[in-house]
Amino acid sequence: MLRLFGILATVLFAIAAAVLTWPPFFRLERTYPIAQIISFRGLVVVGFAAAVLVAVLLATWRPVRGFALSIALVAGLAVIANGSVLVSRGLGADTLPSATATSVRVMTWNTAGEATPAAAVAQTAVTMDADIIALPETAASVGESVAVAMRDLGRPMWVHHVQYNTEIQNGPQAWETTILISPDLGDYSVIESSRDGSSNTNVVPSAVAMPVDGDGPIVVAVHAVAPRPAYMGSWRDDLRWLADQCADSNVIMAGDFNATVDHMGGLGVDGATLGRCTDAAVATGNGAVGTWSSALPALAGAPIDHVLYSSHWRPTGSVVLRSMDGSGSDHRPLIVQLEPTG
C-alpha cells in the first residue's frame, strides 16, 4: 500500500511540475491558481530546488528512499526546465544601444498613483530619451506635471489621458492612464471608444492613441486588471481585447498587462506574443526580469510590464531600471528601443 501511495504521489507531483513548467500546453495559463503561481517563475525554480533538497534528505530514511529519490528526480528536472525557460527569455541586459535618427524609445512605468514624484518620472524619461511614455495609474494632473518638467529639461511631450468613473471625485488613480508622446512623432488623439470605455479593458483603463496625420504608429497604453480571484473573467477578457488591438502592422503597446508572456499563450497570431505583437523584452534579453514587485529581487519578481511591437518595428535593446526601486512605485520602469524595419 505504501508503495502504491508513493507511485501515485510521484505521478501527481510530476503532473503538477509539468503544468507549472509548460502551462500553455495544458491550456491552464489563465486558470486560477495556476495563473498566479506561474507569474513568479523564478520563485517556482526556488521552490522546486527546495523540494530537491528536502527529498534528498528524506532519502536517507530507508522506508521512503525510493519515493524520495523519485520526487528529487522530478523536482530536479523541473528546476532545469524552468531555469532554461528563464535563461531563454533573458536574465537581464543593462544597456541600450545608441539612439539613431529613426529610433523610437518607449518607456512604461506604473507609477502607483502619486507615490512616484513627477520630477522623478520626468528625469528618468529624459535620461532614457523616451519618445513614448505609458503611465498606468497616473492622473492627468501628474502627467501634465511630468510633461512640464520634461519641457523644462528640453524634451517637450504631448499629454493624453483616459479615466474611468469621472463622476467620482478623488477616486483611485488605478482608474486613470496617461500617455506622453513626443511631438517628433506627430499629432495624436485618443479614440473615443477608448476614452468613454465602450471598447476598452474592463476595470482599469487603457488608451488607444491614433496618429492624426496617419504616419506614426498606433500607440496603446495598457492597464489590464490584476488576476485576483474575483476578477479572473475580466482579466481574461482584457488580454483578449488587448490582443485584438494589435491587428495592424504598425502598433506599439506598452504598459502594465498584469500578465507574463506565459499568460498570453494562445493569444498570438503567426508566432507573435499577443495578437500580431511580439514582446520586446524577451527579444532583447530582459524577458525574465521582474518588473513587479520592486520589493523582490529582479529575477524573483513577475515580468508583467511589457512593450510589444508589430511587424513595422524591430527591437534593438531594452533595460529594466532596478535603480528606481526606492522611487515610491512597486513597479520597475521598462525602456525599449525600437527601429523601423522598412
# chains A, B, ... in the order shown; residues from 1 in each chain; ligands from 1
>>> residues_around(residues="Ala134 (chain A)", least_positions_apart="2", cutoff="12 Å", atoms="only C-alpha atoms", output="number ranges by chain")
A: 105-111, 121, 125, 130-132, 136-139, 143, 146, 159-162, 176-182, 206-209, 219-223, 252-257, 305-307, 333-336
>>> residues_around(residues="Ser329 (chain A)", least_positions_apart="3", cutoff="6 Å", atoms="only C-alpha atoms", output="compact mmCIF listing (two decimals) with C-alpha atoms, in the first residue's frame")
# COMPACT_ATOMS: atom_id res chain seq x y z
CA THR A 111 3.77 54.91 -11.01
CA ALA A 112 1.33 53.71 -8.31
CA ALA A 115 3.67 57.55 -5.00
CA THR A 116 6.30 58.39 -7.61
>>> residues_around(residues="region 284-296 of chain A", least_positions_apart="5", cutoff="6 Å", atoms="only C-alpha atoms", output="ChimeraX atom specification")
/A:86,89-93,301-303,317,325,330-332
>>> residues_around(residues="region 53-64 of chain A", least_positions_apart="5", cutoff="9 Å", atoms="only C-alpha atoms", output="PyMOL selection string")
chain A and resi 2-3+6+48+69-72+75
>>> closest_residue(among="A:Val251, A:Val79, A:Met128, A:Val204", to="Pro97 (chain A)", atoms="only C-alpha atoms")
A:Met128
>>> closest_residue(among="A:Gly83, A:Leu73, A:Ile38, A:Trp313", to="Phe13 (chain A)", atoms="only C-alpha atoms")
A:Leu73
